[in-house]
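Have a look at final.cif below; it lists mmCIF, C-alpha atoms.
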data_query
#
loop_
_atom_site.group_PDB
_atom_site.id
_atom_site.type_symbol
_atom_site.label_atom_id
_atom_site.label_comp_id
_atom_site.auth_asym_id
_atom_site.auth_seq_id
_atom_site.Cartn_x
_atom_site.Cartn_y
_atom_site.Cartn_z
ATOM 1 C CA MET A 1 53.308 -316.012 184.239
ATOM 2 C CA GLN A 2 55.259 -315.882 187.388
ATOM 3 C CA ASN A 3 55.345 -313.228 190.007
ATOM 4 C CA ARG A 4 58.960 -312.447 190.775
ATOM 5 C CA LEU A 5 58.068 -310.126 193.632
ATOM 6 C CA LYS A 6 57.975 -311.228 197.236
ATOM 7 C CA LEU A 7 54.490 -310.995 198.725
ATOM 8 C CA ASN A 8 54.802 -310.716 202.528
ATOM 9 C CA ASP A 9 51.125 -310.050 203.228
ATOM 10 C CA PRO A 10 49.467 -310.295 199.815
ATOM 11 C CA LYS A 11 45.942 -309.595 201.107
ATOM 12 C CA LYS A 12 46.896 -306.320 202.773
ATOM 13 C CA ILE A 13 45.193 -303.296 201.218
ATOM 14 C CA VAL A 14 46.160 -300.241 203.260
ATOM 15 C CA THR A 15 49.757 -299.486 202.325
ATOM 16 C CA LEU A 16 51.591 -296.319 201.363
ATOM 17 C CA ALA A 17 52.227 -297.695 197.863
ATOM 18 C CA ASN A 18 48.528 -298.428 197.312
ATOM 19 C CA PHE A 19 47.650 -294.947 198.571
ATOM 20 C CA ILE A 20 50.096 -293.441 196.050
ATOM 21 C CA SER A 21 48.418 -295.421 193.251
ATOM 22 C CA LEU A 22 44.956 -294.279 194.333
ATOM 23 C CA VAL A 23 46.121 -290.652 194.438
ATOM 24 C CA ARG A 24 47.319 -291.042 190.833
ATOM 25 C CA ALA A 25 43.842 -292.134 189.752
ATOM 26 C CA VAL A 26 42.253 -289.169 191.550
ATOM 27 C CA LEU A 27 44.768 -286.781 189.943
ATOM 28 C CA ALA A 28 42.885 -287.311 186.669
ATOM 29 C CA ILE A 29 40.192 -284.909 187.900
ATOM 30 C CA PRO A 30 42.373 -281.823 188.497
ATOM 31 C CA ILE A 31 44.494 -282.611 185.429
ATOM 32 C CA VAL A 32 41.484 -282.578 183.108
ATOM 33 C CA TYR A 33 40.043 -279.554 184.913
ATOM 34 C CA THR A 34 43.250 -277.547 184.456
ATOM 35 C CA LEU A 35 43.566 -278.652 180.829
ATOM 36 C CA ARG A 36 40.432 -276.659 180.087
ATOM 37 C CA ASP A 37 42.156 -273.393 181.005
ATOM 38 C CA PRO A 38 45.372 -272.611 179.089
ATOM 39 C CA SER A 39 46.405 -270.099 181.777
ATOM 40 C CA LEU A 40 46.772 -273.072 184.169
ATOM 41 C CA GLY A 41 49.349 -274.780 181.939
ATOM 42 C CA SER A 42 52.077 -274.838 184.580
ATOM 43 C CA VAL A 43 49.653 -276.348 187.120
ATOM 44 C CA THR A 44 48.633 -278.981 184.559
ATOM 45 C CA LEU A 45 52.271 -279.789 183.861
ATOM 46 C CA PHE A 46 53.009 -280.102 187.581
ATOM 47 C CA LEU A 47 50.031 -282.442 188.120
ATOM 48 C CA ILE A 48 50.988 -284.616 185.139
ATOM 49 C CA LEU A 49 54.571 -284.858 186.363
ATOM 50 C CA VAL A 50 53.337 -285.831 189.845
ATOM 51 C CA ALA A 51 51.175 -288.547 188.251
ATOM 52 C CA ILE A 52 54.111 -289.826 186.181
ATOM 53 C CA MET A 53 56.458 -289.836 189.176
ATOM 54 C CA SER A 54 53.854 -291.591 191.336
ATOM 55 C CA ASP A 55 53.777 -294.443 188.826
ATOM 56 C CA ALA A 56 57.446 -295.126 189.493
ATOM 57 C CA LEU A 57 57.248 -294.318 193.186
ATOM 58 C CA ASP A 58 54.430 -296.700 194.177
ATOM 59 C CA GLY A 59 56.241 -299.836 193.031
ATOM 60 C CA TRP A 60 59.512 -298.703 194.581
ATOM 61 C CA VAL A 61 57.799 -297.966 197.911
ATOM 62 C CA ALA A 62 56.020 -301.342 197.851
ATOM 63 C CA ARG A 63 59.268 -303.225 197.268
ATOM 64 C CA LYS A 64 61.305 -301.222 199.802
ATOM 65 C CA ALA A 65 58.644 -301.616 202.512
ATOM 66 C CA ASP A 66 58.093 -305.306 201.652
ATOM 67 C CA GLU A 67 54.442 -304.478 201.033
ATOM 68 C CA VAL A 68 53.830 -305.845 197.543
ATOM 69 C CA THR A 69 50.157 -306.851 197.576
ATOM 70 C CA TYR A 70 47.589 -308.389 195.242
ATOM 71 C CA PHE A 71 45.525 -305.212 195.573
ATOM 72 C CA GLY A 72 48.540 -303.114 194.624
ATOM 73 C CA GLN A 73 49.211 -305.248 191.572
ATOM 74 C CA TRP A 74 45.636 -304.537 190.437
ATOM 75 C CA VAL A 75 45.269 -300.917 191.520
ATOM 76 C CA ASP A 76 48.527 -299.718 189.900
ATOM 77 C CA PRO A 77 47.536 -300.481 186.280
ATOM 78 C CA ILE A 78 43.946 -299.386 186.975
ATOM 79 C CA ALA A 79 45.237 -296.038 188.275
ATOM 80 C CA ASP A 80 47.389 -295.685 185.141
ATOM 81 C CA PHE A 81 44.370 -296.501 182.990
ATOM 82 C CA ILE A 82 42.074 -294.016 184.747
ATOM 83 C CA CYS A 83 44.584 -291.184 184.650
ATOM 84 C CA ILE A 84 45.783 -291.723 181.081
ATOM 85 C CA LEU A 85 42.328 -292.487 179.694
ATOM 86 C CA SER A 86 40.843 -289.363 181.298
ATOM 87 C CA VAL A 87 43.491 -287.118 179.793
ATOM 88 C CA ILE A 88 43.374 -288.849 176.397
ATOM 89 C CA SER A 89 39.569 -288.568 176.403
ATOM 90 C CA TYR A 90 39.826 -284.826 176.901
ATOM 91 C CA LEU A 91 42.517 -284.519 174.224
ATOM 92 C CA VAL A 92 40.434 -286.537 171.737
ATOM 93 C CA LEU A 93 37.340 -284.423 172.417
ATOM 94 C CA SER A 94 39.402 -281.260 171.935
ATOM 95 C CA GLY A 95 40.841 -282.616 168.668
ATOM 96 C CA GLN A 96 44.429 -282.893 169.880
ATOM 97 C CA VAL A 97 44.821 -286.711 169.824
ATOM 98 C CA PRO A 98 43.447 -289.103 167.191
ATOM 99 C CA ALA A 99 40.369 -291.079 168.233
ATOM 100 C CA TRP A 100 41.881 -294.365 166.967
ATOM 101 C CA PHE A 101 44.538 -294.145 169.686
ATOM 102 C CA PHE A 102 41.859 -293.721 172.350
ATOM 103 C CA LEU A 103 39.871 -296.704 171.010
ATOM 104 C CA PHE A 104 42.963 -298.901 170.714
ATOM 105 C CA TYR A 105 44.032 -297.999 174.256
ATOM 106 C CA ILE A 106 40.622 -298.987 175.661
ATOM 107 C CA PHE A 107 40.324 -302.196 173.617
ATOM 108 C CA ARG A 108 43.809 -303.411 174.563
ATOM 109 C CA TYR A 109 43.287 -302.670 178.233
ATOM 110 C CA LEU A 110 39.875 -304.335 178.377
ATOM 111 C CA LEU A 111 41.096 -307.503 176.667
ATOM 112 C CA ILE A 112 44.015 -307.839 179.076
ATOM 113 C CA ALA A 113 41.725 -307.104 182.044
ATOM 114 C CA VAL A 114 39.157 -309.714 180.976
ATOM 115 C CA LEU A 115 41.842 -312.374 180.575
ATOM 116 C CA ALA A 116 43.443 -311.423 183.908
ATOM 117 C CA ILE A 117 40.096 -311.603 185.718
ATOM 118 C CA TYR A 118 39.334 -314.955 184.088
ATOM 119 C CA ALA A 119 42.710 -316.320 185.190
ATOM 120 C CA PHE A 120 42.330 -314.832 188.660
ATOM 121 C CA ASN A 121 38.914 -316.491 189.042
ATOM 122 C CA ARG A 122 40.568 -319.814 188.174
ATOM 123 C CA ASN A 123 43.113 -319.176 190.965
ATOM 124 C CA GLN A 124 45.918 -319.262 188.423
ATOM 125 C CA PHE A 125 47.287 -315.800 188.284
ATOM 126 C CA PHE A 126 47.710 -312.383 189.759
ATOM 127 C CA LEU A 127 48.533 -309.499 187.472
ATOM 128 C CA SER A 128 52.166 -308.787 186.785
ATOM 129 C CA ALA A 129 53.243 -306.013 184.421
ATOM 130 C CA ASN A 130 55.687 -306.632 181.613
ATOM 131 C CA TRP A 131 58.449 -304.211 180.660
ATOM 132 C CA TRP A 132 56.930 -303.522 177.238
ATOM 133 C CA GLY A 133 53.786 -302.295 178.988
ATOM 134 C CA LYS A 134 55.777 -300.145 181.400
ATOM 135 C CA TRP A 135 57.593 -298.518 178.474
ATOM 136 C CA ALA A 136 54.287 -298.100 176.626
ATOM 137 C CA THR A 137 52.839 -296.267 179.624
ATOM 138 C CA GLY A 138 55.894 -294.018 179.831
ATOM 139 C CA ILE A 139 55.863 -293.178 176.115
ATOM 140 C CA THR A 140 52.089 -292.641 176.233
ATOM 141 C CA SER A 141 52.669 -290.118 179.015
ATOM 142 C CA LEU A 142 55.328 -288.457 176.878
ATOM 143 C CA ALA A 143 52.922 -288.410 173.912
ATOM 144 C CA ILE A 144 50.316 -286.706 176.092
ATOM 145 C CA LEU A 145 52.846 -284.043 177.059
ATOM 146 C CA PHE A 146 53.809 -283.441 173.408
ATOM 147 C CA HIS A 147 50.158 -283.165 172.405
ATOM 148 C CA ILE A 148 49.399 -280.650 175.142
ATOM 149 C CA TRP A 149 52.610 -278.657 174.660
ATOM 150 C CA PRO A 150 53.928 -279.342 171.150
ATOM 151 C CA TRP A 151 57.482 -278.343 170.362
ATOM 152 C CA GLU A 152 57.313 -276.204 167.273
ATOM 153 C CA ALA A 153 60.951 -277.060 166.504
ATOM 154 C CA PHE A 154 60.073 -280.774 166.371
ATOM 155 C CA PRO A 155 56.528 -281.069 164.994
ATOM 156 C CA TRP A 156 57.038 -284.760 164.183
ATOM 157 C CA LEU A 157 57.337 -285.660 167.898
ATOM 158 C CA LYS A 158 53.563 -285.711 168.359
ATOM 159 C CA ASN A 159 53.005 -288.466 165.792
ATOM 160 C CA PHE A 160 56.251 -290.241 166.605
ATOM 161 C CA THR A 161 55.344 -290.655 170.272
ATOM 162 C CA ILE A 162 51.785 -291.817 169.462
ATOM 163 C CA TYR A 163 53.049 -294.443 167.003
ATOM 164 C CA THR A 164 55.870 -295.517 169.315
ATOM 165 C CA ALA A 165 53.432 -295.900 172.230
ATOM 166 C CA THR A 166 51.082 -297.883 169.981
ATOM 167 C CA SER A 167 53.919 -300.167 168.866
ATOM 168 C CA LEU A 168 55.013 -300.794 172.453
ATOM 169 C CA MET A 169 51.407 -301.482 173.480
ATOM 170 C CA LEU A 170 51.077 -303.982 170.625
ATOM 171 C CA ILE A 171 54.248 -305.792 171.708
ATOM 172 C CA SER A 172 53.111 -305.747 175.343
ATOM 173 C CA TRP A 173 49.696 -307.027 174.299
ATOM 174 C CA GLY A 174 51.347 -309.870 172.393
ATOM 175 C CA VAL A 175 53.425 -310.802 175.446
ATOM 176 C CA TYR A 176 50.291 -310.864 177.616
ATOM 177 C CA ILE A 177 48.390 -312.974 175.069
ATOM 178 C CA LYS A 178 51.300 -315.434 174.871
ATOM 179 C CA ASP A 179 51.545 -315.632 178.657
ATOM 180 C CA PHE A 180 47.798 -316.147 179.035
ATOM 181 C CA TYR A 181 47.857 -318.833 176.327
ATOM 182 C CA ILE A 182 50.609 -320.708 178.178
ATOM 183 C CA LEU A 183 48.757 -320.261 181.472
ATOM 184 C CA PHE A 184 45.425 -321.510 180.107
ATOM 185 C CA LYS A 185 47.046 -324.539 178.421
ATOM 186 C CA LYS A 186 48.016 -325.892 181.856
#
As structure tokens, how would this structure be written, given the file I've shared?
Amino acid sequence: MQNRLKLNDPKKIVTLANFISLVRAVLAIPIVYTLRDPSLGSVTLFLILVAIMSDALDGWVARKADEVTYFGQWVDPIADFICILSVISYLVLSGQVPAWFFLFYIFRYLLIAVLAIYAFNRNQFFLSANWWGKWATGITSLAILFHIWPWEAFPWLKNFTIYTATSLMLISWGVYIKDFYILFKK
């Protein structure tokens, strides 16, 4: 696995991009809180859209400001995980999303994290997202939106987005496993 991004000061922590990622993780709290009250649906939608936009914005800001950092490469996927997992947890508990999706999401993430930490501890690697994973995160966000606000005209969208997100996560997982295998063979 190679990092194609330029790291000017890779050990820097306090950057605007990292702050944006951390805000995304914290947004999980008001999102789940507002999900509990259907009258706050527009607030929930706004918060989810802010979280989704922040996922694109943090990387763009980091690259434009030449502030791509090791911390940022770790905190970005962790912020995604916290935000998405919190919302999915609520949706599973309220019966809106299947529990298997929640369990698969956790298992996949934990396996990738364990391998990344192992590689990092061997001074071989710092986390770099693959495009399959980025698409999986985007489609998972879309699936969350369709499960909170289903379109009655297209009832199949709920299942379609869950299965599409799962497929993309499986492909992404395979890419990570292949990359880790190649890395550990060295």
I'd like a table as CSV: residues in region 12-44 of chain A with an atom no more than 12 Å from region 134-149 of chain A, each row giving the shortest atom pair and its distance in Å to one decimal, only C-alpha atoms counted, sorted by chain and rising residue number.
residue,atom,partner,partner_atom,distance
A:Ile31,CA,A:Ile148,CA,11.6
A:Val32,CA,A:Ile148,CA,11.4
A:Thr34,CA,A:Ile148,CA,11.6
A:Leu35,CA,A:Ile148,CA,8.4
A:Arg36,CA,A:Ile148,CA,11.0
A:Asp37,CA,A:Ile148,CA,11.8
A:Pro38,CA,A:Ile148,CA,9.8
A:Gly41,CA,A:Trp149,CA,8.9
A:Ser42,CA,A:Trp149,CA,10.6
A:Thr44,CA,A:Ile148,CA,9.6
Original post:
Expanded to explicit residues, what is the PyMOL selection byres ((chain A and resi 54) around 12) for this file, as a count of residues only?
Top reply: 32
**OP:** Have a look at A:Leu40, A:Val68, A:Thr164, A:Ala28 and name the one nearest to Leu85 (chain A); count all atoms listed in the file.
**Re:**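 Of all the options, A:Ala28 lies closest to Leu85 (chain A).
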Original post:
So, counting all atoms listed in the file, which residue among A:Phe101, A:Tyr176, A:Phe184, A:Tyr33 is closest to Ser128 (chain A)?
Top reply: A:Tyr176
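Selection by the PyMOL selection byres ((chain A and resi 168) around 8) on the present file picks out Trp132, Gly133, Trp135, Ala136, Thr164, Ala165, Thr166, Ser167, Met169, Leu170, Ile171 and Ser172 of chain A.
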Original post:
Is there a way to get, as an MDAnalysis selection string, all residues within 10 Å of the point (42.7, -301.9, 179.6) in file coordinates, counting all atoms listed in the file?
Top reply: chainID A and resid 77:78 80:82 85 104:114
If I only have part of region 125-142 of chain A, can you fill in N, CA, C and O atoms and write it as a short mmCIF file (atom, residue, chain, number, x, y, z; two decimals), keeping the file's coordinate frame?
data_model
loop_
_atom_site.label_atom_id
_atom_site.label_comp_id
_atom_site.auth_asym_id
_atom_site.auth_seq_id
_atom_site.Cartn_x
_atom_site.Cartn_y
_atom_site.Cartn_z
N PHE A 125 46.45 -316.92 188.68
CA PHE A 125 47.29 -315.80 188.28
C PHE A 125 46.95 -314.55 189.08
O PHE A 125 45.81 -314.33 189.44
N PHE A 126 47.95 -313.76 189.35
CA PHE A 126 47.71 -312.38 189.76
C PHE A 126 48.54 -311.50 188.84
O PHE A 126 49.62 -311.87 188.41
N LEU A 127 48.01 -310.37 188.52
CA LEU A 127 48.53 -309.50 187.47
C LEU A 127 49.97 -309.10 187.73
O LEU A 127 50.33 -308.69 188.83
N SER A 128 50.78 -309.20 186.72
CA SER A 128 52.17 -308.79 186.78
C SER A 128 52.50 -308.05 185.49
O SER A 128 52.29 -308.58 184.40
N ALA A 129 52.96 -306.83 185.60
CA ALA A 129 53.24 -306.01 184.42
C ALA A 129 54.47 -306.54 183.69
O ALA A 129 55.36 -307.13 184.29
N ASN A 130 54.48 -306.32 182.37
CA ASN A 130 55.69 -306.63 181.61
C ASN A 130 56.38 -305.32 181.23
O ASN A 130 55.78 -304.25 181.25
N TRP A 131 57.66 -305.42 180.92
CA TRP A 131 58.45 -304.21 180.66
C TRP A 131 57.98 -303.47 179.42
O TRP A 131 58.07 -302.24 179.36
N TRP A 132 57.46 -304.18 178.43
CA TRP A 132 56.93 -303.52 177.24
C TRP A 132 55.77 -302.61 177.63
O TRP A 132 55.65 -301.49 177.13
N GLY A 133 54.92 -303.09 178.52
CA GLY A 133 53.79 -302.30 178.99
C GLY A 133 54.22 -301.09 179.80
O GLY A 133 53.64 -300.01 179.70
N LYS A 134 55.26 -301.28 180.62
CA LYS A 134 55.78 -300.14 181.40
C LYS A 134 56.32 -299.06 180.47
O LYS A 134 56.08 -297.87 180.68
N TRP A 135 57.07 -299.48 179.45
CA TRP A 135 57.59 -298.52 178.47
C TRP A 135 56.46 -297.86 177.70
O TRP A 135 56.51 -296.66 177.41
N ALA A 136 55.44 -298.66 177.35
CA ALA A 136 54.29 -298.10 176.63
C ALA A 136 53.60 -297.02 177.46
O ALA A 136 53.22 -295.96 176.93
N THR A 137 53.46 -297.27 178.75
CA THR A 137 52.84 -296.27 179.62
C THR A 137 53.69 -295.00 179.68
O THR A 137 53.17 -293.88 179.61
N GLY A 138 55.00 -295.18 179.79
CA GLY A 138 55.89 -294.02 179.83
C GLY A 138 55.85 -293.21 178.54
O GLY A 138 55.76 -291.97 178.58
N ILE A 139 55.89 -293.89 177.41
CA ILE A 139 55.86 -293.18 176.12
C ILE A 139 54.49 -292.56 175.87
O ILE A 139 54.38 -291.49 175.28
N THR A 140 53.43 -293.23 176.34
CA THR A 140 52.09 -292.64 176.23
C THR A 140 52.03 -291.34 177.03
O THR A 140 51.47 -290.34 176.56
N SER A 141 52.62 -291.35 178.21
CA SER A 141 52.67 -290.12 179.02
C SER A 141 53.45 -289.02 178.29
O SER A 141 53.04 -287.86 178.28
N LEU A 142 54.54 -289.41 177.66
CA LEU A 142 55.33 -288.46 176.88
C LEU A 142 54.51 -287.94 175.70
O LEU A 142 54.53 -286.73 175.40
#
